[in-house]
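Accompanying notes for the structure given below.
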Amino acid sequence: MPCTLLNLCEYDTQKLVKIKNVRLGSLKWTLNGVILMFICIMMLWNKEYQKYDPVQSSVTTKVKGVANITIPDIGEVVWDVVDYSGPYQGRNSFFVATNVIVTNQKQGKCPEVLPHGKLCQTDKDCEEGLSNQLNHGVQTGACVKLDIQKKTCEVTAWCPIENKRNPRPAILASAENFTVMIKNNIRFPAFNYIRRNILPEMKETDLKGCIYNRYKNPYCPIFRLGDIVSEAKEKFSEIAVEGGVIGIQINWDCDLNHIFHSCLPKYSFRRLDEKESNRTLYPGLNFRFGRYSIVNGEQQRTLFKMYGIRFDVMVFGKAGKFSIIQLIIYIGSTLSYYALTTMFLDWLIGTGCYSKEAKQNYTERKFEVIQDQEECFLCVSFVDEDQLRVVKKSDGKYNGLRLYQAVPSQKDFNR
Amino acid sequence: MPCTLLNLCEYDTQKLVKIKNVRLGSLKWTLNGVILMFICIMMLWNKEYQKYDPVQSSVTTKVKGVANITIPDIGEVVWDVVDYSGPYQGRNSFFVATNVIVTNQKQGKCPEVLPHGKLCQTDKDCEEGLSNQLNHGVQTGACVKLDIQKKTCEVTAWCPIENKRNPRPAILASAENFTVMIKNNIRFPAFNYIRRNILPEMKETDLKGCIYNRYKNPYCPIFRLGDIVSEAKEKFSEIAVEGGVIGIQINWDCDLNHIFHSCLPKYSFRRLDEKESNRTLYPGLNFRFGRYSIVNGEQQRTLFKMYGIRFDVMVFGKAGKFSIIQLIIYIGSTLSYYALTTMFLDWLIGTGCYSKEAKQNYTERKFEVIQDQEECFLCVSFVDEDQLRVVKKSDGKYNGLRLYQAVPSQKDFNR
Amino acid sequence: MPCTLLNLCEYDTQKLVKIKNVRLGSLKWTLNGVILMFICIMMLWNKEYQKYDPVQSSVTTKVKGVANITIPDIGEVVWDVVDYSGPYQGRNSFFVATNVIVTNQKQGKCPEVLPHGKLCQTDKDCEEGLSNQLNHGVQTGACVKLDIQKKTCEVTAWCPIENKRNPRPAILASAENFTVMIKNNIRFPAFNYIRRNILPEMKETDLKGCIYNRYKNPYCPIFRLGDIVSEAKEKFSEIAVEGGVIGIQINWDCDLNHIFHSCLPKYSFRRLDEKESNRTLYPGLNFRFGRYSIVNGEQQRTLFKMYGIRFDVMVFGKAGKFSIIQLIIYIGSTLSYYALTTMFLDWLIGTGCYSKEAKQNYTERKFEVIQDQEECFLCVSFVDEDQLRVVKKSDGKYNGLRLYQAVPSQKDFNR
């Protein structure tokens with residue numbers, strides 16, 4: 001037969017030992033049941049039957065509020081969003097100044113301030129053209145009076161040099177009452193699902209006066225800055241002095257199945273920079289910017305050192321939807337766990353923990369021992385010396401051959 | 001033998017039942033073939049033989065174009081990129097103003113505008129120092145005339161308060177013809193592969209006049225804003241009035257294998273903010289900024305409320321390259337699928353769907369049944385009452401022992 | 001028995017062939033040992049016993065340094081960070097100007113510059129109202145003198161039009177000596193672990209004067225710009241002329257286990273835009289901004305074309321901590337590898353590579369051959385013609401039934 005020659009027409013399957021035993025049977029089914037339950041719970045818990053898609057997001061923010069503040073050397077002014085946001089324009093973040101140092105400056109020559117400069121006695125102590133990372137200008141080589149007692153090296157710089165400490169309490173501490181509206185549009189491309197944090201059921205009247213509150217109004221997109229800071233477990237009056245970075249996290253955990261449909265934003269707030277660290281080592285957030293003007297043909301600038309809070313809006317999220325393919329993949333990946341039952345029961349029988357008798361009984365049936373060549377010859381010669389190869393070949397597996405083997409054994413006993 | 005004692009010199013392998021049957025054999029090979037084909041198709045489809053690396057990207061943009069516009073109260077001016085971009089400087093995004101409201105302001109006192117303020121009759125209706133999130137300033141406590149008919153509370157603020165509606169049609173509707181050049185450098189660190197969207201084969205002459213067109217010129221890095229908006233399925237004249245956010249997606253799907261080498265950018269455009277939503281609920285995008293100046297010793301500012309389009313450049317991409325390790329891992333992960341053939345054929349035989357006769361024939365050979373202890377005693381006693389343990393032990397597995405068992409059975413029949 | 005009927009009280013386990021052979025046994029254990037060793041090495045190498053968490057990061061930067069520069073048409077000025085950063089304020093990036101072109105402009109009419117405009121002879125060559133992406137203004141329709149020899153179309157624009165080449169060497173080449181302090185706060189939410197790149201053991205005195213150096217001072221958070229550029233394998237004097245983008249990568253690879261605890265930042269630097277590309281095709285980075293002022297009631301602006309380096313701070317990182325669950329999952333996922341030993345040994349025996357004799361001996365014991373129906377009839381009829389179905393059913397599997405089968409065979413021989 002060509003079929004046998006090609007060896008293609010055979011089908012190999014494992015030979016199994018079927019033990020008919022109530023205790024083992026029920027143990028097997030119990031273990032399988034436990035595994036099945038575990039798999040089902042995992043599936044429901046992790047929603048493994050869902051296909052997931054990460055969020056795509058776009059954020060725009062708008063801060064509102066005015067403050068009547070008194071800036072040293074400038075006087076009382078009203079500041080609105082254009083003033084206290086400075087030039088900061090980020091894609092997913094906004095800045096609100098809380099403390100400010102203002103200095104009117106012109107290009108010129110003036111004594112370096114302490115501790116950035118060094119004290120000097122005569123012009124010899126100062127080197128012309130010298131400048132390092134701590135200086136505010138380039139030394140002219142002259143030594144001039146800083147105040148009545150001290151003399152420092154003169155520098156070419158924007159004069160006078162900014163030389164004030166950040167005010168306490170913060171000048172713009174009232175920024176606590178400012179509000180920000182955050183508009184967040186999200187999209188799940190795989191499901192072609194679009195949503196924004198101004199929910200469809202919200203009406204203009206709902207939004208006009210609302211303020212986000214974790215318990216009472218968790219979906220209002222308008223936030224009071226003081227609330228954000230206090231939810232981040234910070235004191236506004238403290239963070240206001242030196243500034244900081246606060247993260248506004250918007251989490252969208254959407255279930256897009258028809259029955260359990262839900263897709264709502266969840267807001268949380270956290271300070272992103274480290275407040276615990278040693279206070280003296282550059283805490284907080286500040287930056288400088290200038291407003292330039294030409295007065296009487298001469299260029300001037302008003303230097304602002306702005307301390308403030310940068311709010312970083314971070315959008316996380318994923319959407320899940322039932323997917324038959326995901327379910328099949330998950331079921332497939334768990335099939336191998338059922339082998340644990342067999343492993344455990346075989347081990348139980350093998351060790352004899354289950355019962356001494358069962359060990360003896362089942363182990364012998366489960367294992368078919370082939371002795372190594374040398375021992376095997378001995379065994380065979382004991383049974384039948386002259387038909388060595390026949391005996392080895394026929395060992396009760398084939399109907400047709402079994403009889404040949406049975407004969408010598410029989411003869412042996414009939415002697 | 002120390003070997004047997006240690007039990008280390010044994011080798012266990014599964015006992016298999018080899019069924020020589022043409023139909024089962026060909027069914028087995030057919031099923032294995034189907035699985036192999038499926039695996040190969042999946043491999044080629046998903047390019048599982050490749051190692052992937054995500055893209056690292058840097059983007060710079062430059063907008064060009066001028067517009068001759070007429071701003072109410074200001075007159076006719078020519079605006080270039082410095083004017084209409086405002087102070088906006090993002091890492092991966094740029095802003096183009098399309099509509100603008102300009103107000104010249106000074107610090108002072110003036111009546112609050114409607115609807116932000118409230119109508120009043122006398123000074124008693126206004127509370128000094130009051131300010132909320134909707135006000136433009138801090139109330140002075142006076143009630144002053146807003147126009148001939150109405151009176152509102154006076155506020156300390158930047159005066160006069162901005163009080164214009166956004167013009168229709170948009171003032172800078174001609175921004176449609178502006179162009180932007182997007183330079184995008186990408187890098188696949190794992191493959192040390194660098195590329196940019198100005199392709200190496202492009203010459204200066206190709207670039208000077210080119211404009212991106214999806215069909216005719218898909219690799220030109222210069223885009224007309226009107227084309228971007230229309231590819232995002234929006235009307236420029238509509239989005240220009242209130243502003244919006246448009247996403248420019250650059251997708252790099254690179255095949256870095258020598259034969260199929262391809263690494264070209266693919267551009268797509270999409271509106272990121274929700275235009276479908278109720279128009280009255282804060283649609284579009286706008287922000288304010290000021291230009292400050294000192295005129296006759298008095299500070300002034302020109303307040304710009306800029307409506308416009310923010311273009312967010314988003315770069316996605318991955319590169320694939322043949323990897324022998326990935327191929328081996330993939331092949332390894334698919335080996336278990338071949339077990340399905342055995343499972344299916346065993347089930348086929350077991351249920352008898354295949355053939356009644358085969359079921360009877362093969363199932364008995366596949367399974368070796370061990371009766372439970374209790375039943376077993378009955379069976380054994382039927383055969384031979386006095387040699388209970390010997391019979392149980394010898395069940396046709398060992399050449400040397402089988403004969404002992406065969407004898408009693410024989411005797412039984414010889415009676 | 002209801003148990004047998006329900007078929008629930010059975011336990012199936014694979015029948016194994018136990019080959020007692022020293023060579024095969026030691027080969028098996030050797031292979032298993034190799035696999036175990038490989039798995040353990042992989043585990044330790046990839047730290048598979050750890051649970052990982054990606055980094056959450058916040059970055060703030062502060063540049064320091066002043067430069068005495070000479071701007072053409074303006075004169076000698078001292079520039080500090082407010083001047084050379086321009087209006088750029090990014091969340092994770094900062095800009096330092098290295099070259100600058102300054103032009104004082106007013107709204108007005110002036111000849112277009114070359115090569116953006118076109119040469120003309122008479123007013124007929126110019127079209128009123130025309131403007132394209134390369135023009136600086138809108139044509140008035142007049143043809144005016146650009147210089148003594150050439151005439152170009154007049155445009156309404158900010159006049160005079162910027163018409164200078166970027167200076168070589170770069171005006172702000174001394175920006176090389178500026179320093180930047182990068183504050184990076186990181187957080188691993190899953191482990192509730194917070195850290196910043198100013199390490200807890202650092203004191204104020206350590207920080208005041210320190211400069212990052214890859215070998216001597218790898219944890220100092222203050223960087224000299226020249227060092228950053230040279231570590232990115234660029235020459236500052238070259239990149240300064242046309243600008244560029246440099247990536248500052250901070251990598252946190254943290255081991256949060258108690259014994260091996262380590263969590264230190266690792267800095268690396270890389271040029272992100274392509275310097276290799278054809279120099280003429282828009283290399284480098286530059287942007288324009290304006291300072292607006294009103295002089296004698298007339299609006300002016302000072303246009304700055306800033307060439308410079310944008311430094312993008314990119315934070316990568318993950319933290320690992322021992323997790324018993326991860327370890328169990330890893331061990332579970334590797335169990336299947338041990339099947340390779342059996343596969344290999346079975347193949348070795350099957351092919352006869354191991355030993356011809358072993359092949360014959362073991363293969364016959366491993367496989368229990370069932371002949372196809374047709375052949376089977378022949379076999380059976382050879383043994384016993386009249387009890388065909390009984391023989392087929394009883395083939396030495398059941399104690400109680402085996403005897404019936406043994407009889408006819410016996411009879412055959414007794415004849």
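Just so we're on the same page: first chain in the structure tokens is A, next is B, and so on; residues restart at 1 for each chain, and ligands are numbered from 1 in the order they show up.
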
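What chain B places within 6 Å of chain C, counting only C-alpha atoms, is Cys9, Glu10, Tyr11, Asp12, Thr13, Gln14, Lys15, Leu16, Val17, Lys18, Ile19, Lys20, Asn21, Lys64, Gly65, Val66, Val78, Val82, Gln89, Asn185, Ser293, Cys379 and Ser409 of chain B.
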
Using the selection just defined, write its residues with N, CA, C and O atoms as a JSON list (two decimals), in the first residue's frame.
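What ended up in out_10.json:
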```json
[["chain", "number", "residue", "atom", "x", "y", "z"],
["B", 9, "CYS", "N", 17.29, 7.77, 36.05],
["B", 9, "CYS", "CA", 17.71, 7.22, 34.78],
["B", 9, "CYS", "C", 16.53, 6.69, 33.98],
["B", 9, "CYS", "O", 16.67, 5.75, 33.18],
["B", 10, "GLU", "N", 15.37, 7.27, 34.27],
["B", 10, "GLU", "CA", 14.20, 6.86, 33.51],
["B", 10, "GLU", "C", 13.79, 7.96, 32.55],
["B", 10, "GLU", "O", 14.05, 9.14, 32.79],
["B", 11, "TYR", "N", 13.13, 7.55, 31.51],
["B", 11, "TYR", "CA", 12.62, 8.55, 30.58],
["B", 11, "TYR", "C", 11.15, 8.22, 30.30],
["B", 11, "TYR", "O", 10.84, 7.13, 29.83],
["B", 12, "ASP", "N", 10.28, 9.16, 30.62],
["B", 12, "ASP", "CA", 8.85, 8.95, 30.42],
["B", 12, "ASP", "C", 8.41, 9.57, 29.12],
["B", 12, "ASP", "O", 8.72, 10.74, 28.84],
["B", 13, "THR", "N", 7.69, 8.83, 28.34],
["B", 13, "THR", "CA", 7.13, 9.42, 27.12],
["B", 13, "THR", "C", 5.71, 8.89, 26.96],
["B", 13, "THR", "O", 5.38, 7.80, 27.43],
["B", 14, "GLN", "N", 4.87, 9.69, 26.32],
["B", 14, "GLN", "CA", 3.48, 9.31, 26.20],
["B", 14, "GLN", "C", 3.31, 8.10, 25.30],
["B", 14, "GLN", "O", 3.94, 8.00, 24.27],
["B", 15, "LYS", "N", 2.42, 7.23, 25.72],
["B", 15, "LYS", "CA", 2.09, 6.09, 24.87],
["B", 15, "LYS", "C", 1.04, 6.54, 23.87],
["B", 15, "LYS", "O", 0.04, 7.16, 24.23],
["B", 16, "LEU", "N", 1.30, 6.28, 22.61],
["B", 16, "LEU", "CA", 0.38, 6.75, 21.58],
["B", 16, "LEU", "C", -0.34, 5.58, 20.93],
["B", 16, "LEU", "O", 0.20, 4.47, 20.84],
["B", 17, "VAL", "N", -1.54, 5.80, 20.50],
["B", 17, "VAL", "CA", -2.29, 4.82, 19.73],
["B", 17, "VAL", "C", -2.21, 5.26, 18.27],
["B", 17, "VAL", "O", -2.61, 6.36, 17.93],
["B", 18, "LYS", "N", -1.61, 4.42, 17.46],
["B", 18, "LYS", "CA", -1.45, 4.78, 16.05],
["B", 18, "LYS", "C", -2.56, 4.10, 15.26],
["B", 18, "LYS", "O", -2.62, 2.88, 15.18],
["B", 19, "ILE", "N", -3.45, 4.89, 14.71],
["B", 19, "ILE", "CA", -4.57, 4.34, 13.96],
["B", 19, "ILE", "C", -4.23, 4.40, 12.48],
["B", 19, "ILE", "O", -4.06, 5.49, 11.93],
["B", 20, "LYS", "N", -4.09, 3.27, 11.87],
["B", 20, "LYS", "CA", -3.76, 3.25, 10.44],
["B", 20, "LYS", "C", -5.05, 3.30, 9.65],
["B", 20, "LYS", "O", -5.73, 2.29, 9.49],
["B", 21, "ASN", "N", -5.40, 4.47, 9.23],
["B", 21, "ASN", "CA", -6.68, 4.64, 8.56],
["B", 21, "ASN", "C", -6.52, 5.79, 7.58],
["B", 21, "ASN", "O", -6.11, 6.90, 7.95],
["B", 64, "LYS", "N", 3.36, 81.19, 6.43],
["B", 64, "LYS", "CA", 3.63, 82.32, 5.55],
["B", 64, "LYS", "C", 2.32, 82.86, 4.99],
["B", 64, "LYS", "O", 1.39, 82.11, 4.76],
["B", 65, "GLY", "N", 2.33, 84.18, 4.75],
["B", 65, "GLY", "CA", 1.16, 84.78, 4.15],
["B", 65, "GLY", "C", 0.87, 86.14, 4.79],
["B", 65, "GLY", "O", 1.19, 86.35, 5.96],
["B", 66, "VAL", "N", 0.33, 87.06, 4.02],
["B", 66, "VAL", "CA", -0.07, 88.36, 4.54],
["B", 66, "VAL", "C", -1.51, 88.64, 4.15],
["B", 66, "VAL", "O", -2.01, 88.10, 3.16],
["B", 78, "VAL", "N", -2.04, 95.85, 7.29],
["B", 78, "VAL", "CA", -1.55, 94.61, 6.72],
["B", 78, "VAL", "C", -1.01, 93.76, 7.85],
["B", 78, "VAL", "O", -0.21, 94.24, 8.67],
["B", 82, "VAL", "N", 3.72, 87.47, 12.22],
["B", 82, "VAL", "CA", 4.00, 87.93, 13.58],
["B", 82, "VAL", "C", 2.74, 88.49, 14.20],
["B", 82, "VAL", "O", 2.49, 88.34, 15.40],
["B", 89, "GLN", "N", 3.31, 80.05, 20.86],
["B", 89, "GLN", "CA", 4.49, 79.31, 20.43],
["B", 89, "GLN", "C", 4.43, 77.91, 21.03],
["B", 89, "GLN", "O", 4.82, 77.71, 22.17],
["B", 185, "ASN", "N", 11.17, 65.75, 11.61],
["B", 185, "ASN", "CA", 12.29, 64.80, 11.63],
["B", 185, "ASN", "C", 11.90, 63.62, 12.49],
["B", 185, "ASN", "O", 11.47, 63.80, 13.62],
["B", 293, "SER", "N", 1.83, 99.50, 26.38],
["B", 293, "SER", "CA", 2.72, 100.60, 26.01],
["B", 293, "SER", "C", 2.51, 101.73, 27.01],
["B", 293, "SER", "O", 1.49, 101.80, 27.70],
["B", 379, "CYS", "N", -14.92, -8.18, 40.25],
["B", 379, "CYS", "CA", -14.42, -8.73, 38.99],
["B", 379, "CYS", "C", -13.39, -9.81, 39.27],
["B", 379, "CYS", "O", -13.45, -10.91, 38.72],
["B", 409, "SER", "N", -7.06, -18.05, 34.79],
["B", 409, "SER", "CA", -8.14, -17.87, 33.82],
["B", 409, "SER", "C", -8.30, -19.16, 33.05],
["B", 409, "SER", "O", -9.41, -19.65, 32.81]]
```

Could you give me, as a PyMOL selection string, the residues within 6 Å of segment 46-56 of chain B, counting only C-alpha atoms and dropping anything in the same chain fewer than 3 positions from it? chain B and resi 42-43+186-188+317-323+326-327

Could the residues in this selection be saved with N, CA, C and O atoms as a JSON list (two decimals), in the first residue's frame?
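Saved file again.json follows:
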```json
[["chain", "number", "residue", "atom", "x", "y", "z"],
["B", 42, "MET", "N", -1.76, 34.85, 8.65],
["B", 42, "MET", "CA", -1.71, 35.79, 9.78],
["B", 42, "MET", "C", -0.33, 36.43, 9.88],
["B", 42, "MET", "O", -0.18, 37.61, 10.13],
["B", 43, "MET", "N", 0.71, 35.59, 9.68],
["B", 43, "MET", "CA", 2.09, 36.06, 9.81],
["B", 43, "MET", "C", 2.39, 37.12, 8.76],
["B", 43, "MET", "O", 2.92, 38.19, 9.07],
["B", 186, "ILE", "N", 12.06, 62.43, 11.95],
["B", 186, "ILE", "CA", 11.74, 61.25, 12.74],
["B", 186, "ILE", "C", 12.98, 60.38, 12.91],
["B", 186, "ILE", "O", 13.96, 60.51, 12.17],
["B", 187, "ARG", "N", 12.89, 59.48, 13.88],
["B", 187, "ARG", "CA", 14.02, 58.64, 14.21],
["B", 187, "ARG", "C", 13.48, 57.34, 14.79],
["B", 187, "ARG", "O", 12.54, 57.35, 15.60],
["B", 188, "PHE", "N", 14.02, 56.23, 14.33],
["B", 188, "PHE", "CA", 13.72, 54.93, 14.94],
["B", 188, "PHE", "C", 14.99, 54.49, 15.64],
["B", 188, "PHE", "O", 15.91, 53.96, 15.01],
["B", 317, "GLY", "N", 3.69, 56.51, 14.16],
["B", 317, "GLY", "CA", 4.49, 55.72, 13.25],
["B", 317, "GLY", "C", 5.23, 54.60, 13.92],
["B", 317, "GLY", "O", 5.44, 54.59, 15.12],
["B", 318, "LYS", "N", 5.60, 53.65, 13.11],
["B", 318, "LYS", "CA", 6.43, 52.56, 13.57],
["B", 318, "LYS", "C", 7.19, 52.03, 12.36],
["B", 318, "LYS", "O", 6.76, 52.16, 11.23],
["B", 319, "ALA", "N", 8.34, 51.43, 12.66],
["B", 319, "ALA", "CA", 9.13, 50.84, 11.60],
["B", 319, "ALA", "C", 9.28, 49.37, 11.89],
["B", 319, "ALA", "O", 9.40, 48.96, 13.04],
["B", 320, "GLY", "N", 9.23, 48.57, 10.86],
["B", 320, "GLY", "CA", 9.39, 47.13, 11.02],
["B", 320, "GLY", "C", 10.59, 46.64, 10.23],
["B", 320, "GLY", "O", 10.89, 47.15, 9.16],
["B", 321, "LYS", "N", 11.27, 45.65, 10.77],
["B", 321, "LYS", "CA", 12.42, 45.07, 10.09],
["B", 321, "LYS", "C", 12.42, 43.59, 10.43],
["B", 321, "LYS", "O", 12.13, 43.22, 11.56],
["B", 322, "PHE", "N", 12.76, 42.74, 9.45],
["B", 322, "PHE", "CA", 12.77, 41.31, 9.66],
["B", 322, "PHE", "C", 13.66, 40.96, 10.83],
["B", 322, "PHE", "O", 14.77, 41.46, 10.96],
["B", 323, "SER", "N", 13.15, 40.08, 11.69],
["B", 323, "SER", "CA", 13.94, 39.65, 12.84],
["B", 323, "SER", "C", 13.74, 38.16, 13.03],
["B", 323, "SER", "O", 12.62, 37.69, 13.21],
["B", 326, "GLN", "N", 11.98, 37.31, 16.30],
["B", 326, "GLN", "CA", 10.53, 37.51, 16.26],
["B", 326, "GLN", "C", 9.86, 36.34, 15.55],
["B", 326, "GLN", "O", 8.81, 35.88, 15.97],
["B", 327, "LEU", "N", 10.47, 35.88, 14.46],
["B", 327, "LEU", "CA", 9.89, 34.78, 13.69],
["B", 327, "LEU", "C", 9.82, 33.52, 14.54],
["B", 327, "LEU", "O", 8.79, 32.83, 14.57]]
```

Return as a VMD selection string the full set of residues in segment 39-256 of chain C whose backbone-based DSSP assignment is strand (DSSP E or B). chain C and resid 50 to 54 56 to 64 67 to 71 75 to 79 93 to 111 119 138 to 145 151 to 159 179 to 188 193 to 196 213 217 222 to 224 244 to 255

What is the distance between atom CA of Lys164 of chain A and atom CA of Val63 of chain C, in Å to one decimal?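 Distance reported for this atom pair: 19.3 Å.
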
Using DSSP on the backbone, list every residue of segment 197-404 of chain B that comes out as helix (DSSP H, G or I), and give them as a VMD selection string. chain B and resid 204 to 208 225 to 231 236 to 242 324 to 351 356 to 366 373 to 383 388 to 393 399 to 404

Just to confirm, what's the straight-line distance from atom CA of Lys216 of chain C to atom CA of Leu256 of chain C in Å (one decimal)?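 Calculated distance between atom CA of Lys216 of chain C and atom CA of Leu256 of chain C is 25.5 Å.
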
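The two atoms in question, atom CA of Pro111 of chain B and atom CA of Leu146 of chain B, are spaced 5.7 Å apart.
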